[in-house]
file target-v2.tsv (TSV, C-alpha atoms)
chain	number	residue	atom	x	y	z
T	494	MET	CA	13.69	9.42	38.71
T	495	ALA	CA	10.34	8.28	40.02
T	496	PHE	CA	9.05	5.39	37.94
T	497	ASN	CA	5.90	6.42	36.17
T	498	PRO	CA	3.44	3.52	35.72
T	499	TYR	CA	2.50	4.93	32.31
T	500	PHE	CA	6.12	4.83	31.07
T	501	SER	CA	5.76	1.44	29.36
T	502	LEU	CA	2.56	2.64	27.69
T	503	ALA	CA	4.40	5.65	26.31
T	504	VAL	CA	7.14	3.39	24.94
T	505	LEU	CA	4.55	1.16	23.32
T	506	PHE	CA	2.84	4.21	21.84
T	507	VAL	CA	6.08	5.46	20.30
T	508	VAL	CA	6.86	2.00	18.91
T	509	ALA	CA	3.36	1.74	17.45
T	510	LEU	CA	3.73	5.15	15.87
T	511	CYS	CA	7.07	4.20	14.30
T	512	PHE	CA	5.59	0.91	13.08
T	513	GLY	CA	2.99	2.84	11.15
T	514	LEU	CA	5.04	5.80	10.03
T	515	THR	CA	8.25	4.07	8.91
T	516	PRO	CA	6.71	2.25	5.92
T	517	LEU	CA	4.94	5.45	4.92
T	518	ALA	CA	8.19	7.42	5.09
T	519	LEU	CA	10.03	4.74	3.13
T	520	ALA	CA	7.33	4.72	0.46
T	521	TRP	CA	7.50	8.49	0.24
T	522	LEU	CA	11.28	8.43	-0.04
T	523	TRP	CA	11.13	5.67	-2.63
T	524	SER	CA	8.68	7.60	-4.79
T	525	ARG	CA	10.71	10.79	-4.49
T	526	VAL	CA	14.02	9.18	-5.45
T	527	PHE	CA	13.07	6.47	-7.93
T	528	SER	CA	9.89	7.75	-9.52
T	529	PRO	CA	9.58	11.51	-9.37
T	530	GLN	CA	6.12	12.87	-10.05
T	531	LYS	CA	5.27	14.72	-13.20
T	532	PRO	CA	1.99	16.42	-12.46
T	533	ASN	CA	0.06	18.55	-14.92
T	534	ALA	CA	-3.33	20.22	-15.00
T	535	ILE	CA	-4.95	17.42	-17.00
T	536	LYS	CA	-3.51	14.71	-14.76
T	537	ASN	CA	-4.81	16.48	-11.69
T	538	ALA	CA	-8.31	16.82	-13.13
T	539	ILE	CA	-11.00	14.99	-11.22
T	540	TYR	CA	-12.39	12.58	-13.79
T	541	GLU	CA	-10.70	9.88	-15.81
T	542	CYS	CA	-12.92	8.63	-18.63
T	543	GLY	CA	-11.20	10.91	-21.12
T	544	LEU	CA	-13.97	13.49	-21.15
T	545	VAL	CA	-13.77	16.85	-19.44
T	546	SER	CA	-15.77	16.78	-16.25
T	547	LYS	CA	-18.71	19.11	-15.95
T	548	GLY	CA	-19.58	20.84	-12.70
T	549	ASP	CA	-18.34	20.11	-9.23
T	550	ALA	CA	-17.43	16.77	-7.68
T	551	TRP	CA	-19.45	17.71	-4.60
T	552	VAL	CA	-22.99	16.73	-5.49
T	553	GLN	CA	-25.82	17.61	-3.12
T	554	PHE	CA	-28.69	15.23	-2.58
T	555	ARG	CA	-32.09	16.79	-2.09
T	556	SER	CA	-33.25	16.81	1.49
T	557	SER	CA	-36.70	15.60	0.39
T	558	TYR	CA	-35.24	12.08	0.32
T	559	TYR	CA	-35.96	11.98	4.06
T	560	VAL	CA	-39.40	10.58	3.17
T	561	TYR	CA	-37.74	7.48	1.71
T	562	ALA	CA	-35.62	7.20	4.84
T	563	ILE	CA	-38.71	7.23	7.04
T	564	MET	CA	-40.53	4.69	4.89
T	565	PHE	CA	-37.46	2.46	4.96
T	566	LEU	CA	-37.36	2.73	8.74
T	567	ILE	CA	-41.02	1.83	9.09
T	568	PHE	CA	-41.06	-1.21	6.84
T	569	ASP	CA	-37.54	-2.58	7.11
T	570	VAL	CA	-36.41	-1.88	10.66
T	571	GLU	CA	-39.82	-2.77	12.00
T	572	ALA	CA	-39.67	-6.16	10.31
T	573	VAL	CA	-36.23	-6.78	11.80
T	574	PHE	CA	-37.53	-6.14	15.31
T	575	LEU	CA	-40.85	-7.91	14.80
T	576	LEU	CA	-39.30	-11.22	13.79
T	577	PRO	CA	-37.56	-11.98	17.15
T	578	PHE	CA	-40.66	-10.64	18.90
T	579	ALA	CA	-42.88	-13.09	17.03
T	580	VAL	CA	-40.49	-16.00	17.67
T	581	ALA	CA	-40.36	-15.35	21.43
T	582	PHE	CA	-43.97	-14.20	21.73
T	583	LEU	CA	-45.30	-17.12	23.84
T	584	GLY	CA	-42.60	-16.79	26.45
T	585	LEU	CA	-42.85	-13.01	26.88
T	586	GLY	CA	-44.21	-11.19	29.90
T	587	VAL	CA	-46.77	-8.39	29.90
T	588	ALA	CA	-44.12	-5.64	30.22
T	589	ALA	CA	-42.26	-6.85	27.12
T	590	CYS	CA	-45.47	-7.02	25.11
T	591	VAL	CA	-46.54	-3.51	26.17
T	592	SER	CA	-43.12	-2.02	25.31
T	593	MET	CA	-43.21	-3.75	21.92
T	594	LEU	CA	-46.73	-2.38	21.39
T	595	VAL	CA	-45.46	1.14	22.12
T	596	PHE	CA	-42.61	0.62	19.62
T	597	VAL	CA	-44.99	-0.60	16.91
T	598	LEU	CA	-47.43	2.24	17.64
T	599	LEU	CA	-44.63	4.79	17.21
T	600	LEU	CA	-43.86	3.38	13.78
T	601	VAL	CA	-47.54	3.12	12.87
T	602	GLU	CA	-47.83	6.78	13.73
T	603	GLY	CA	-45.14	7.46	11.12
T	604	LEU	CA	-47.03	5.33	8.61
T	605	VAL	CA	-50.27	7.20	9.30
T	606	TRP	CA	-48.45	10.50	8.89
T	607	ALA	CA	-46.95	9.39	5.57
T	608	TRP	CA	-50.32	8.11	4.40
T	609	ALA	CA	-52.01	11.39	5.28
T	610	LYS	CA	-49.26	13.28	3.48
T	611	GLY	CA	-49.95	11.26	0.33
T	612	VAL	CA	-46.46	9.78	0.10
T	613	LEU	CA	-47.79	6.29	-0.48
T	614	THR	CA	-49.60	7.26	-3.67
T	615	TRP	CA	-47.65	6.20	-6.71
T	616	ALA	CA	-46.99	9.33	-8.71
Q	650	MET	CA	32.15	0.19	-12.24
Q	651	ALA	CA	30.88	-1.77	-15.17
Q	652	VAL	CA	31.59	-5.49	-15.13
Q	653	ASP	CA	32.56	-7.19	-18.36
Q	654	GLU	CA	29.73	-9.34	-19.78
Q	655	GLN	CA	31.95	-12.42	-20.10
Q	656	LEU	CA	33.24	-12.03	-16.57
Q	657	LYS	CA	29.66	-11.75	-15.35
Q	658	ILE	CA	28.75	-15.09	-16.94
Q	659	GLU	CA	31.85	-16.71	-15.44
Q	660	MET	CA	31.01	-15.36	-12.01
Q	661	GLY	CA	27.40	-16.51	-12.42
Q	662	LYS	CA	28.67	-20.07	-12.99
Q	663	GLN	CA	30.53	-19.83	-9.68
Q	664	GLY	CA	27.37	-18.64	-7.93
Q	665	VAL	CA	28.26	-14.95	-7.73
Q	666	PHE	CA	25.70	-12.68	-9.28
Q	667	VAL	CA	26.47	-9.05	-9.95
Q	668	THR	CA	24.20	-6.38	-11.31
Q	669	THR	CA	23.99	-2.64	-11.57
Q	670	LEU	CA	21.35	-0.40	-10.08
Q	671	GLN	CA	20.33	0.54	-13.61
Q	672	GLU	CA	19.81	-3.08	-14.62
Q	673	LEU	CA	17.79	-3.75	-11.49
Q	674	TYR	CA	15.68	-0.64	-11.99
Q	675	ASN	CA	15.01	-1.35	-15.64
Q	676	TRP	CA	14.27	-5.00	-14.87
Q	677	GLY	CA	11.62	-3.81	-12.45
Q	678	ARG	CA	10.23	-1.34	-14.95
Q	679	ARG	CA	9.98	-3.73	-17.84
Q	680	SER	CA	8.54	-6.57	-15.81
Q	681	SER	CA	5.58	-4.68	-14.42
Q	682	ILE	CA	4.10	-2.71	-17.26
Q	683	TRP	CA	0.43	-2.26	-16.52
Q	684	PRO	CA	-1.64	-1.61	-19.62
Q	685	MET	CA	-4.74	0.49	-19.62
Q	686	GLN	CA	-8.00	-1.33	-20.23
Q	687	PHE	CA	-8.92	0.56	-23.30
Q	688	GLY	CA	-9.94	-0.67	-26.72
Q	689	LEU	CA	-10.87	1.41	-29.72
Q	690	ALA	CA	-11.87	-0.92	-32.54
Q	691	CYS	CA	-11.38	-4.42	-33.94
Q	692	CYS	CA	-7.70	-4.56	-32.86
Q	693	ALA	CA	-9.01	-4.57	-29.31
Q	694	ILE	CA	-10.37	-8.08	-29.90
Q	695	GLU	CA	-6.85	-9.26	-30.74
Q	696	MET	CA	-5.59	-7.40	-27.66
Q	697	ILE	CA	-8.14	-9.27	-25.53
Q	698	ALA	CA	-7.07	-12.55	-27.12
Q	699	THR	CA	-3.47	-11.71	-26.21
Q	700	THR	CA	-4.38	-11.45	-22.54
Q	701	MET	CA	-6.15	-14.80	-22.54
Q	702	ALA	CA	-4.68	-18.22	-21.80
Q	703	ARG	CA	-3.58	-19.15	-25.33
Q	704	TYR	CA	-1.23	-16.18	-25.79
Q	705	ASP	CA	-0.90	-15.28	-22.09
Q	706	LEU	CA	0.37	-11.73	-21.78
Q	707	ALA	CA	0.86	-12.48	-18.07
Q	708	ARG	CA	4.19	-14.10	-18.94
Q	709	PHE	CA	5.54	-10.59	-19.49
Q	710	GLY	CA	4.15	-9.15	-16.28
Q	711	ALA	CA	1.54	-7.14	-18.10
Q	712	GLU	CA	-1.71	-8.94	-17.38
Q	713	VAL	CA	-3.02	-6.30	-15.01
Q	714	PHE	CA	-5.25	-4.25	-17.26
Q	715	ARG	CA	-6.23	-1.23	-15.20
Q	716	PRO	CA	-9.60	0.49	-15.62
Q	717	SER	CA	-8.13	3.87	-14.67
Q	718	PRO	CA	-5.31	5.80	-16.37
Q	719	ARG	CA	-3.96	6.73	-12.93
Q	720	GLN	CA	-2.91	3.14	-12.32
Q	721	ALA	CA	-1.70	2.31	-15.80
Q	722	ASP	CA	1.59	3.05	-17.51
Q	723	MET	CA	1.02	1.60	-20.93
Q	724	MET	CA	-1.56	2.50	-23.49
Q	725	ILE	CA	-2.28	0.13	-26.37
Q	726	ILE	CA	-3.93	2.20	-29.07
Q	727	SER	CA	-5.89	-0.76	-30.37
Q	728	GLY	CA	-7.78	0.40	-33.41
Q	729	THR	CA	-9.03	3.28	-35.47
Q	730	VAL	CA	-8.67	6.64	-33.78
Q	731	THR	CA	-11.45	8.83	-35.09
Q	732	LYS	CA	-11.10	12.57	-34.88
Q	733	LYS	CA	-13.92	12.56	-32.37
Q	734	MET	CA	-12.04	10.13	-30.14
Q	735	ALA	CA	-8.54	11.61	-30.51
Q	736	PRO	CA	-8.92	14.35	-27.83
Q	737	GLN	CA	-10.10	11.73	-25.33
Q	738	VAL	CA	-7.16	9.46	-26.16
Q	739	VAL	CA	-4.68	12.31	-25.66
Q	740	ARG	CA	-6.37	13.33	-22.42
Q	741	LEU	CA	-6.22	9.78	-21.09
Q	742	TYR	CA	-2.56	9.61	-22.06
Q	743	ASN	CA	-1.93	12.79	-20.10
Q	744	GLN	CA	-3.65	11.29	-17.05
Q	745	MET	CA	-1.49	8.18	-17.01
Q	746	ALA	CA	1.28	7.72	-14.48
Q	747	GLU	CA	4.90	8.25	-15.51
Q	748	PRO	CA	6.86	6.49	-16.92
Q	749	ARG	CA	4.32	5.78	-19.61
Q	750	TYR	CA	4.54	3.96	-22.91
Q	751	VAL	CA	2.39	3.75	-25.99
Q	752	ILE	CA	2.01	0.88	-28.44
Q	753	ALA	CA	0.19	1.88	-31.61
Q	754	MET	CA	-1.49	-1.34	-32.69
Q	755	GLY	CA	-2.62	-1.89	-36.23
Q	756	ALA	CA	-2.69	0.01	-39.48
Q	757	CYS	CA	-5.35	2.50	-38.30
Q	758	ALA	CA	-3.51	3.52	-35.15
Q	759	ILE	CA	-0.22	4.06	-36.93
Q	760	SER	CA	-1.45	5.78	-40.09
Q	761	GLY	CA	-5.23	5.76	-40.48
Q	762	GLY	CA	-5.00	2.45	-42.31
Q	763	PRO	CA	-7.80	1.68	-44.77
Q	764	PHE	CA	-9.57	4.84	-43.62
Q	765	LYS	CA	-6.62	7.12	-44.30
Q	766	GLN	CA	-8.53	8.96	-47.02
Q	767	GLY	CA	-11.56	9.40	-44.81
Q	768	TYR	CA	-12.49	12.79	-43.44
Q	769	ASN	CA	-13.02	11.67	-39.87
Q	770	VAL	CA	-10.09	9.36	-39.08
Q	771	LEU	CA	-6.87	10.51	-37.51
Q	772	LYS	CA	-3.89	9.60	-39.68
Q	773	GLY	CA	-1.86	8.08	-36.90
Q	774	ILE	CA	-1.97	8.73	-33.16
Q	775	ASP	CA	1.74	9.64	-33.22
Q	776	ARG	CA	0.64	13.08	-34.39
Q	777	TYR	CA	-0.29	13.90	-30.80
Q	778	ILE	CA	1.51	11.56	-28.42
Q	779	PRO	CA	4.94	9.93	-28.53
Q	780	VAL	CA	4.55	6.30	-29.65
Q	781	ASP	CA	7.16	3.78	-28.54
Q	782	VAL	CA	6.29	0.82	-30.76
Q	783	HIS	CA	4.27	0.70	-33.98
Q	784	ILE	CA	2.80	-2.64	-35.09
Q	785	PRO	CA	1.50	-2.98	-38.64
Q	786	GLY	CA	-1.32	-5.37	-39.47
Q	787	CYS	CA	-5.06	-5.25	-39.94
Q	788	PRO	CA	-5.48	-6.38	-37.26
Q	789	PRO	CA	-2.09	-7.60	-36.03
Q	790	ARG	CA	-2.16	-11.11	-34.64
Q	791	PRO	CA	-1.63	-11.57	-30.90
Q	792	GLU	CA	1.89	-12.77	-31.64
Q	793	ALA	CA	2.58	-9.37	-33.19
Q	794	LEU	CA	1.39	-7.62	-30.04
Q	795	LEU	CA	3.63	-9.87	-27.97
Q	796	GLU	CA	6.50	-9.00	-30.31
Q	797	ALA	CA	5.76	-5.31	-29.79
Q	798	PHE	CA	5.72	-5.93	-26.08
Q	799	MET	CA	9.12	-7.56	-26.17
Q	800	ALA	CA	10.41	-4.71	-28.33
Q	801	LEU	CA	9.17	-2.25	-25.70
Q	802	GLN	CA	10.84	-4.29	-22.96
Q	803	LYS	CA	14.11	-4.26	-24.88
Q	804	LYS	CA	13.77	-0.51	-25.30
Q	805	ILE	CA	13.22	-0.02	-21.57
Q	806	ASP	CA	16.12	-2.32	-20.76
Q	807	ALA	CA	18.50	-0.28	-22.90
Q	808	GLN	CA	17.57	3.07	-21.34
Q	809	PRO	CA	20.28	4.69	-19.22
Q	810	LEU	CA	19.05	6.28	-16.00
Q	811	THR	CA	21.19	9.39	-16.31
Q	812	GLY	CA	22.31	11.62	-19.11
Q	813	GLU	CA	21.04	11.69	-22.66
Q	814	GLY	CA	18.16	9.36	-23.47
Q	815	ARG	CA	17.09	8.78	-19.87
Q	816	PRO	CA	13.42	7.95	-19.22
Q	817	ARG	CA	11.12	10.94	-19.23
Q	818	HIS	CA	10.09	10.72	-15.60
Q	819	LEU	CA	13.71	11.10	-14.49
Q	820	ASP	CA	14.17	14.16	-16.68
Q	821	ALA	CA	12.74	17.23	-14.98
Q	822	GLU	CA	12.87	19.18	-18.24
Q	823	ALA	CA	10.91	16.65	-20.30
Q	824	PRO	CA	7.31	17.61	-20.96
Q	825	GLY	CA	4.65	15.82	-18.92
Q	826	GLU	CA	1.66	17.36	-20.60
Q	827	PHE	CA	0.80	16.96	-24.25
Q	828	PRO	CA	-1.74	19.46	-25.60
Q	829	VAL	CA	-5.20	18.02	-26.17
Q	830	PRO	CA	-6.53	18.88	-29.65
Q	831	GLU	CA	-9.93	20.49	-30.01
Q	832	GLN	CA	-12.62	20.15	-32.62
Q	833	GLY	CA	-12.19	22.97	-35.10
Q	834	ALA	CA	-14.44	23.98	-37.95
Q	835	HIS	CA	-12.94	21.45	-40.39
Q	836	ASP	CA	-10.33	19.46	-38.52
Q	837	LEU	CA	-8.75	18.95	-35.14
Q	838	GLU	CA	-6.82	22.00	-33.98
Q	839	PRO	CA	-3.89	21.84	-33.93
Q	840	ALA	CA	-3.64	19.21	-36.66
Q	841	ALA	CA	-0.51	17.76	-35.02
Q	842	ASN	CA	1.73	18.30	-32.02
Q	843	LYS	CA	4.87	19.78	-33.56
Q	844	SER	CA	7.09	18.62	-30.70
Q	845	VAL	CA	6.36	14.93	-31.27
Q	846	TRP	CA	5.55	14.77	-34.97
Q	847	THR	CA	6.89	16.42	-38.09
Q	848	VAL	CA	5.53	16.14	-41.58
Q	849	PRO	CA	7.42	13.23	-43.12
Q	850	VAL	CA	9.46	14.02	-46.22
Q	851	VAL	CA	8.59	11.77	-49.13
Q	852	ILE	CA	11.71	10.64	-50.99
Q	853	ARG	CA	11.03	9.43	-54.51

call {"tool": "encode", "arguments": {"input": "target-v2.tsv", "output": "structure tokens"}}
result
Amino acid sequence: MAFNPYFSLAVLFVVALCFGLTPLALAWLWSRVFSPQKPNAIKNAIYECGLVSKGDAWVQFRSSYYVYAIMFLIFDVEAVFLLPFAVAFLGLGVAACVSMLVFVLLLVEGLVWAWAKGVLTWA
Amino acid sequence: MAVDEQLKIEMGKQGVFVTTLQELYNWGRRSSIWPMQFGLACCAIEMIATTMARYDLARFGAEVFRPSPRQADMMIISGTVTKKMAPQVVRLYNQMAEPRYVIAMGACAISGGPFKQGYNVLKGIDRYIPVDVHIPGCPPRPEALLEAFMALQKKIDAQPLTGEGRPRHLDAEAPGEFPVPEQGAHDLEPAANKSVWTVPVVIR
């Protein structure tokens, strides 16, 4: 048999798999033998405050929340990037400053767009 | 093979400890009863006091009050069960993990107590769910709750694992679901679960 260089890896893989699966199998066996389940419709219901749940557990969020995501990006992420920029400002070259300017302009464009759309007005 | 109690003590003195699987199993069950974090009325204050340092429920392995019925196996009905609350209590009981136990704490929980004549108070939670230990008192002192706890532990300890009187989770035939009552026009419907409660006969 030609010795495959990946043989030891395969052995390790099998051992790793057993290491993970054996406790799971033992737990499953333990629960089957020593504490059999007694499911019922009420126990399998989705909520547990005592009240009957209304509607589905899968709630959809409105896609119009993207506006908040954009505003968050502009004000929060921009601040995160601007701080190291401001700290290292004196030691930066022209190329770094120009690329930072482009980055800030991109975000300012988003701000202008949001402003024009009237998002910033408190309803 | 059962070992004689006296022989067991003698062997224990010599450093040989014997036990049965049933004893071991029941020891595990009674030492890790997790109550549900659930209070209904003034008895709940005494229940809270029981968990605190002065009375220290942790000595009995039951300090882990779980916020979800899925992780709990004991329900302390601590207080007045109104007819509005009864369906929720029964539903929570149904959602608890087996094997599950119920301690009815205080006069209200076991019979309606001072509100027994009222139109809106359930006259004992044992009308809908099987109660293991009843504690009288209004409210019972923490010592009484501890006493109930020890009574429950003794009850668990004495349960055989096979045959008649075995715990419900080991009995495939035993019911796991107890019907949840609904609000009717004048009362909860049904007024009681016939399989767990019968109208008591008054002997004069």

call {"tool": "closest_residue", "arguments": {"input": "target-v2.tsv", "among": "Q:Phe798, Q:Tyr768, Q:Tyr704, Q:Trp676", "to": "Met723 in chain Q", "atoms": "all atoms listed in the file"}}
result
Q:Phe798

call {"tool": "closest_residue", "arguments": {"input": "target-v2.tsv", "among": "Q:Lys804, Q:His835, Q:His783, Q:Arg719", "to": "chain T", "atoms": "only C-alpha atoms"}}
result
Q:Arg719

call {"tool": "closest_atom_pairs", "arguments": {"input": "target-v2.tsv", "of": "chain Q", "to": "chain T", "cutoff": "9 Å", "atoms": "all atoms listed in the file", "output": "CSV"}}
result
residue,atom,partner,partner_atom,distance
Q:Tyr674,CA,T:Phe527,CA,8.6
Q:Ser717,CA,T:Glu541,CA,6.6
Q:Pro718,CA,T:Glu541,CA,6.8
Q:Arg719,CA,T:Glu541,CA,8.0
Q:Pro736,CA,T:Gly543,CA,7.9
Q:Gln737,CA,T:Gly543,CA,4.4
Q:Val738,CA,T:Gly543,CA,6.6
Q:Val739,CA,T:Gly543,CA,8.1
Q:Arg740,CA,T:Gly543,CA,5.6
Q:Leu741,CA,T:Gly543,CA,5.1
Q:Tyr742,CA,T:Gly543,CA,8.8
Q:Asn743,CA,T:Lys536,CA,5.9
Q:Gln744,CA,T:Lys536,CA,4.1
Q:Met745,CA,T:Lys536,CA,7.2
Q:Ala746,CA,T:Lys531,CA,8.2
Q:Glu747,CA,T:Lys531,CA,6.9
Q:Pro748,CA,T:Ser528,CA,8.1
Q:His818,CA,T:Pro529,CA,6.3
Q:Leu819,CA,T:Pro529,CA,6.6
Q:Ala821,CA,T:Lys531,CA,8.1
Q:Pro824,CA,T:Lys531,CA,8.5
Q:Gly825,CA,T:Lys531,CA,5.9
Q:Glu826,CA,T:Asn533,CA,6.0

call {"tool": "atom_distance", "arguments": {"input": "target-v2.tsv", "atom1": "CA of Cys691 in chain Q", "atom2": "CA of Pro785 in chain Q"}}
result
13.8 Å

call {"tool": "atom_distance", "arguments": {"input": "target-v2.tsv", "atom1": "CA of Arg708 in chain Q", "atom2": "CA of Phe666 in chain Q"}}
result
23.6 Å

call {"tool": "residues_around", "arguments": {"input": "target-v2.tsv", "residues": "Asp775 in chain Q", "least_positions_apart": "6", "cutoff": "8 Å", "atoms": "only C-alpha atoms", "output": "PyMOL selection string"}}
result
chain Q and resi 759+845-846

call {"tool": "atom_distance", "arguments": {"input": "target-v2.tsv", "atom1": "CA of Gln832 in chain Q", "atom2": "CA of Lys732 in chain Q"}}
result
8.1 Å

call {"tool": "closest_residue", "arguments": {"input": "target-v2.tsv", "among": "Q:Arg815, Q:Arg790, Q:Lys803, Q:Lys843", "to": "Ser727 in chain Q", "atoms": "only C-alpha atoms"}}
result
Q:Arg790

call {"tool": "residues_near_point", "arguments": {"input": "target-v2.tsv", "point": "(-44.9, 1.9, 8.1)", "cutoff": "7 Å", "atoms": "all atoms listed in the file", "output": "VMD selection string"}}
result
chain T and resid 564 567 to 568 600 to 601 603 to 604

call {"tool": "residues_around", "arguments": {"input": "target-v2.tsv", "residues": "range 550-554 of chain T", "least_positions_apart": "4", "cutoff": "9 Å", "atoms": "only C-alpha atoms", "output": "PDB file with C-alpha atoms, in the coordinates of the input"}}
result
ATOM      1  CA  ILE T 539     -11.000  14.990 -11.220  1.00  0.00           C
ATOM      2  CA  TYR T 540     -12.390  12.580 -13.790  1.00  0.00           C
ATOM      3  CA  SER T 546     -15.770  16.780 -16.250  1.00  0.00           C
ATOM      4  CA  TYR T 558     -35.240  12.080   0.320  1.00  0.00           C
TER       5      TYR T 558
END

call {"tool": "closest_residue", "arguments": {"input": "target-v2.tsv", "among": "Q:Ala693, Q:Ile752, Q:Cys757, Q:Ala800", "to": "Pro779 in chain Q", "atoms": "all atoms listed in the file"}}
result
Q:Ile752
